[in-house]
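*Asks:* Input file: entry_24.cif. Contents: mmCIF, C-alpha atoms.
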data_query
loop_
_atom_site.group_PDB
_atom_site.id
_atom_site.type_symbol
_atom_site.label_atom_id
_atom_site.label_comp_id
_atom_site.auth_asym_id
_atom_site.auth_seq_id
_atom_site.Cartn_x
_atom_site.Cartn_y
_atom_site.Cartn_z
ATOM 1 C CA ASN A 1 -4.802 115.188 132.218
ATOM 2 C CA ALA A 2 -5.152 112.012 130.261
ATOM 3 C CA SER A 3 -2.046 110.397 128.814
ATOM 4 C CA ASP A 4 -1.526 110.465 125.046
ATOM 5 C CA LEU A 5 0.087 107.209 123.980
ATOM 6 C CA SER A 6 -1.039 107.333 120.355
ATOM 7 C CA LYS A 7 0.949 105.097 117.997
ATOM 8 C CA VAL A 8 3.025 103.669 120.869
ATOM 9 C CA ASN A 9 4.361 100.139 120.323
ATOM 10 C CA LEU A 10 3.746 97.999 123.397
ATOM 11 C CA SER A 11 3.377 94.695 121.563
ATOM 12 C CA GLY A 12 3.893 91.776 123.935
ATOM 13 C CA ALA A 13 4.023 94.007 127.005
ATOM 14 C CA MET A 14 3.052 92.865 130.491
ATOM 15 C CA MET A 15 0.526 95.462 131.621
ATOM 16 C CA ALA A 16 -1.729 93.462 133.938
ATOM 17 C CA GLY A 17 -3.586 95.771 136.304
ATOM 18 C CA ALA A 18 -2.462 98.971 134.551
ATOM 19 C CA SER A 19 -4.683 102.060 134.466
ATOM 20 C CA PHE A 20 -5.688 103.596 131.147
ATOM 21 C CA ASP A 21 -8.380 105.889 132.557
ATOM 22 C CA ARG A 22 -9.176 108.355 129.752
ATOM 23 C CA ALA A 23 -5.821 107.562 128.094
ATOM 24 C CA ARG A 24 -5.520 108.164 124.349
ATOM 25 C CA LEU A 25 -4.048 105.180 122.499
ATOM 26 C CA HIS A 26 -5.058 105.892 118.889
ATOM 27 C CA HIS A 27 -3.498 103.330 116.540
ATOM 28 C CA ALA A 28 -1.296 101.954 119.346
ATOM 29 C CA ASN A 29 0.191 98.478 118.920
ATOM 30 C CA LEU A 30 -0.846 96.509 122.004
ATOM 31 C CA SER A 31 -0.946 93.138 120.264
ATOM 32 C CA ASN A 32 -0.200 89.936 122.179
ATOM 33 C CA SER A 33 -0.028 91.814 125.476
ATOM 34 C CA ASP A 34 -1.111 90.799 128.955
ATOM 35 C CA MET A 35 -3.716 93.387 129.880
ATOM 36 C CA THR A 36 -5.651 91.304 132.399
ATOM 37 C CA LYS A 37 -7.488 93.346 134.998
ATOM 38 C CA VAL A 38 -6.592 96.691 133.375
ATOM 39 C CA GLU A 39 -8.718 99.681 134.235
ATOM 40 C CA GLY A 40 -9.570 102.039 131.426
ATOM 41 C CA PRO A 41 -12.873 103.827 131.829
ATOM 42 C CA ARG A 42 -13.353 106.055 128.790
ATOM 43 C CA GLY A 43 -9.990 104.930 127.404
ATOM 44 C CA ASP A 44 -9.611 105.841 123.731
ATOM 45 C CA PHE A 45 -8.228 102.893 121.749
ATOM 46 C CA PHE A 46 -9.438 104.061 118.317
ATOM 47 C CA GLY A 47 -7.795 101.956 115.591
ATOM 48 C CA ALA A 48 -5.497 100.203 118.093
ATOM 49 C CA ASP A 49 -4.090 96.725 117.459
ATOM 50 C CA LEU A 50 -5.128 94.538 120.397
ATOM 51 C CA SER A 51 -4.977 91.268 118.475
ATOM 52 C CA GLY A 52 -4.097 88.288 120.630
ATOM 53 C CA THR A 53 -4.256 90.412 123.784
ATOM 54 C CA ASP A 54 -5.569 89.064 127.087
ATOM 55 C CA LEU A 55 -8.062 91.622 128.381
ATOM 56 C CA SER A 56 -9.882 89.195 130.645
ATOM 57 C CA LYS A 57 -11.362 90.645 133.845
ATOM 58 C CA SER A 58 -10.672 94.171 132.562
ATOM 59 C CA ASP A 59 -12.715 97.231 133.440
ATOM 60 C CA LEU A 60 -13.211 99.255 130.251
ATOM 61 C CA PRO A 61 -16.641 100.872 130.468
ATOM 62 C CA ARG A 62 -17.374 103.578 127.899
ATOM 63 C CA ALA A 63 -14.065 102.886 126.142
ATOM 64 C CA ASN A 64 -13.665 103.772 122.479
ATOM 65 C CA LEU A 65 -12.567 100.697 120.533
ATOM 66 C CA GLN A 66 -13.865 101.862 117.159
ATOM 67 C CA GLU A 67 -12.017 100.317 114.224
ATOM 68 C CA ALA A 68 -9.691 98.447 116.604
ATOM 69 C CA ASN A 69 -8.306 95.002 115.795
ATOM 70 C CA LEU A 70 -9.185 92.682 118.670
ATOM 71 C CA SER A 71 -8.958 89.418 116.715
ATOM 72 C CA ASP A 72 -8.081 86.453 118.963
ATOM 73 C CA ALA A 73 -8.385 88.650 122.086
ATOM 74 C CA ASP A 74 -9.811 87.399 125.381
ATOM 75 C CA LEU A 75 -12.412 89.756 126.847
ATOM 76 C CA SER A 76 -13.994 87.163 129.122
ATOM 77 C CA LYS A 77 -15.364 88.393 132.441
ATOM 78 C CA SER A 78 -14.675 92.006 131.426
ATOM 79 C CA GLU A 79 -16.772 95.054 132.171
ATOM 80 C CA MET A 80 -17.409 96.621 128.754
ATOM 81 C CA GLY A 81 -20.706 98.429 129.363
ATOM 82 C CA ARG A 82 -21.351 101.232 126.853
ATOM 83 C CA THR A 83 -18.073 100.459 125.051
ATOM 84 C CA ASP A 84 -17.943 101.471 121.377
ATOM 85 C CA PHE A 85 -16.825 98.579 119.133
ATOM 86 C CA ARG A 86 -18.183 100.013 115.859
ATOM 87 C CA LYS A 87 -16.351 98.650 112.802
ATOM 88 C CA SER A 88 -13.889 96.693 114.979
ATOM 89 C CA ASN A 89 -12.466 93.299 114.093
ATOM 90 C CA LEU A 90 -13.752 90.933 116.789
ATOM 91 C CA THR A 91 -12.916 87.696 114.961
ATOM 92 C CA ASP A 92 -12.297 84.801 117.380
ATOM 93 C CA VAL A 93 -12.865 87.056 120.418
ATOM 94 C CA THR A 94 -14.384 85.611 123.575
ATOM 95 C CA PHE A 95 -16.883 87.723 125.490
ATOM 96 C CA GLU A 96 -17.698 84.794 127.780
ATOM 97 C CA PHE A 97 -19.329 86.132 130.991
ATOM 98 C CA ALA A 98 -18.519 89.726 129.926
ATOM 99 C CA ASN A 99 -20.837 92.657 130.515
ATOM 100 C CA ILE A 100 -21.431 94.303 127.136
ATOM 101 C CA ALA A 101 -24.678 96.017 128.129
ATOM 102 C CA ARG A 102 -25.360 99.059 125.943
ATOM 103 C CA ALA A 103 -22.156 98.403 123.978
ATOM 104 C CA ASP A 104 -22.225 99.373 120.298
ATOM 105 C CA LEU A 105 -21.156 96.578 117.946
ATOM 106 C CA ARG A 106 -22.674 97.979 114.753
ATOM 107 C CA GLY A 107 -20.542 97.113 111.759
ATOM 108 C CA ALA A 108 -18.107 94.965 113.760
ATOM 109 C CA THR A 109 -16.701 91.754 112.285
ATOM 110 C CA LEU A 110 -18.065 88.977 114.515
ATOM 111 C CA THR A 111 -16.762 85.783 112.900
ATOM 112 C CA ALA A 112 -16.391 83.003 115.510
ATOM 113 C CA THR A 113 -16.980 85.572 118.271
ATOM 114 C CA ASP A 114 -18.077 83.794 121.471
ATOM 115 C CA PHE A 115 -20.892 85.467 123.388
ATOM 116 C CA SER A 116 -21.478 82.596 125.852
ATOM 117 C CA ASN A 117 -23.142 83.965 128.994
ATOM 118 C CA ALA A 118 -22.381 87.583 128.045
ATOM 119 C CA TYR A 119 -24.792 90.187 129.402
ATOM 120 C CA THR A 120 -26.278 91.927 126.354
ATOM 121 C CA TYR A 121 -28.889 94.332 127.744
ATOM 122 C CA LEU A 122 -29.493 96.957 125.025
ATOM 123 C CA THR A 123 -26.323 95.912 123.194
ATOM 124 C CA ARG A 124 -26.514 97.430 119.704
ATOM 125 C CA TRP A 125 -25.955 95.311 116.620
ATOM 126 C CA GLU A 126 -28.257 96.835 114.050
ATOM 127 C CA ALA A 127 -27.338 95.808 110.475
ATOM 128 C CA THR A 128 -24.540 93.594 111.842
ATOM 129 C CA ASP A 129 -23.755 90.011 110.807
ATOM 130 C CA LEU A 130 -24.015 87.753 113.870
ATOM 131 C CA SER A 131 -24.521 84.617 111.779
ATOM 132 C CA GLN A 132 -20.997 83.274 112.364
ATOM 133 C CA SER A 133 -20.835 84.118 116.080
ATOM 134 C CA THR A 134 -21.238 81.472 118.766
ATOM 135 C CA GLY A 135 -22.758 81.177 122.218
ATOM 136 C CA LEU A 136 -25.652 83.573 121.590
ATOM 137 C CA SER A 137 -28.984 82.630 123.116
ATOM 138 C CA GLN A 138 -32.451 83.803 122.209
ATOM 139 C CA TYR A 139 -32.632 85.566 125.589
ATOM 140 C CA GLN A 140 -29.460 87.550 124.821
ATOM 141 C CA LEU A 141 -31.038 88.714 121.568
ATOM 142 C CA ASP A 142 -34.381 89.470 123.245
ATOM 143 C CA ILE A 143 -32.778 92.016 125.602
ATOM 144 C CA SER A 144 -30.517 93.568 122.940
ATOM 145 C CA CYS A 145 -31.114 95.906 119.980
ATOM 146 C CA GLY A 146 -31.023 94.865 116.368
ATOM 147 C CA ASN A 147 -33.142 95.340 113.276
ATOM 148 C CA ALA A 148 -34.286 93.536 110.137
ATOM 149 C CA GLU A 149 -30.775 93.888 108.649
ATOM 150 C CA THR A 150 -29.145 92.065 111.581
ATOM 151 C CA LYS A 151 -28.102 88.577 110.446
ATOM 152 C CA LEU A 152 -28.655 85.970 113.147
ATOM 153 C CA PRO A 153 -27.063 82.570 113.838
ATOM 154 C CA ALA A 154 -29.038 79.524 112.748
ATOM 155 C CA GLY A 155 -31.852 78.611 115.133
ATOM 156 C CA LEU A 156 -32.341 82.131 116.538
ATOM 157 C CA THR A 157 -35.099 84.534 115.542
ATOM 158 C CA GLN A 158 -35.513 88.286 115.453
ATOM 159 C CA PRO A 159 -37.198 89.429 118.666
ATOM 160 C CA GLU A 160 -40.514 91.253 118.456
ATOM 161 C CA SER A 161 -38.898 94.085 120.453
ATOM 162 C CA TRP A 162 -36.582 94.955 117.531
ATOM 163 C CA PRO A 163 -35.847 97.616 116.559
ATOM 164 C CA CYS A 164 -35.522 99.107 120.018
ATOM 165 C CA PRO A 165 -38.086 101.919 120.062
ATOM 166 C CA HIS A 166 -36.038 104.359 122.143
ATOM 167 C CA LEU A 167 -33.224 104.270 119.566
ATOM 168 C CA GLU A 168 -35.371 105.231 116.589
#
Mind converting the file's structure to structure tokens?
*Replies:*
Amino acid sequence: NASDLSKVNLSGAMMAGASFDRARLHHANLSNSDMTKVEGPRGDFFGADLSGTDLSKSDLPRANLQEANLSDADLSKSEMGRTDFRKSNLTDVTFEFANIARADLRGATLTATDFSNAYTYLTRWEATDLSQSTGLSQYQLDISCGNAETKLPAGLTQPESWPCPHLE
């Protein structure tokens, strides 16, 4: 059975290496915590406050981070494949060297979000504003999924492969 830690207040906690496999943390306060190297496949962090949290080198594939606040969080070198970030606040987040393949970022706030060297294969950002994000390359866009409503950073162009045909 998965743990239900909904609405728990663990702000500032030291949880490095903890396991949140399938745990339910709806609207939990995990702000300013050390969550380096946590494991949380399919963890459910819907609406959680993870602002200022260090999630570097974490393993959170298929996690639900919808509507979560991750502003100022460090997700560098994390495994976030197929993670759901829809409508999350990712302001000032670093995804440097993270795997966000097949992640869903539709509707997320991506102001000053750093995607340097992130793996973006089939990452979804249809109708999302990427114009204020940093570190994105044309190659990262070419292997991801957007559409005509996706706003791009200056100097980058919409790939011919958009929208991704298998998603239509």
*Asks:* For the structure provided, state which residues fall under the PyMOL selection byres ((chain A and resi 78-95) around 6), and present them as a PyMOL selection string.
*Replies:* chain A and resi 56-77+96+98-115
*Asks:* List as a ChimeraX atom specification: which residues have an atom within 7 Å of (-21.9, 81.0, 117.0), counting only C-alpha atoms?
*Replies:* /A:112-114,131-136,153
*Asks:* For each of A:Leu130, A:Glu39, A:Arg22, A:Asp142, take the minimum atom-to-atom distance to Ala154 in chain A, counting all atoms listed in the file, then give the residue where this is smallest.
*Replies:*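 Checking each of A:Leu130, A:Glu39, A:Arg22, A:Asp142 against Ala154 in chain A, counting all atoms listed in the file, the winner is A:Leu130.
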*Asks:* Between CA of His27 in chain A and CA of Arg124 in chain A, what distance in Å does the model show, to one decimal?
*Replies:*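 Straight-line distance from CA of His27 in chain A to CA of Arg124 in chain A works out to 24.0 Å.
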*Asks:* When you look at Leu156 in chain A with a cut-off of 8 Å (counting all atoms listed in the file), what residues show up, excluding the ones that are within fewer than 3 positions of it in the same chain? I need them as an MDAnalysis selection string.
*Replies:* chainID A and resid 137:138 152:153
*Asks:* Hey, what's within 7 Å of Arg24 in chain A if we count only C-alpha atoms and toss same-chain stuff fewer than 6 positions away? As JSON, numbers by chain, please?
*Replies:* {"A": [3, 4, 5, 6, 43, 44, 45]}
*Asks:* Using the chain letters and numbers from the file, which residues does the PyMOL selection byres ((chain A and resi 160) around 12) grab, as a list in words?
*Replies:*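 With the PyMOL selection byres ((chain A and resi 160) around 12) on this model, the match is Gln138, Leu141, Asp142, Ile143, Ser144, Cys145, Gly146, Asn147, Ala148, Thr157, Gln158, Pro159, Ser161, Trp162, Pro163, Cys164 and Pro165 of chain A.
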*Asks:* Calculate how many Å separate CA of Ala118 in chain A from CA of Phe46 in chain A, rounding to one decimal.
*Replies:*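 Between CA of Ala118 in chain A and CA of Phe46 in chain A the gap is 23.1 Å.
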*Asks:* Give me, please, the distance in Å between CA of Gly47 in chain A and CA of Leu10 in chain A, quoted to one decimal.
*Replies:*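 Calculated distance between CA of Gly47 in chain A and CA of Leu10 in chain A is 14.5 Å.
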*Asks:* Write out as number ranges by chain each polymer residue whose atoms come within 7 Å of Gly17 in chain A, counting only C-alpha atoms; drop sequence neighbours fewer than 3 positions from it.
*Replies:* A: 35-39
*Asks:* Written as a PyMOL selection string, which residues does the PyMOL selection byres ((chain A and resi 31) around 6) give for the file shown?
*Replies:* chain A and resi 11+29-30+32-33+49-53
*Asks:* Go through A:Asp34, A:Ala28, A:Thr150, A:Ser19 and flag the residue nearest Ala48 in chain A, using all atoms listed in the file for the distances.
*Replies:*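 Between A:Asp34, A:Ala28, A:Thr150, A:Ser19, the residue approaching Ala48 in chain A most closely is A:Ala28.
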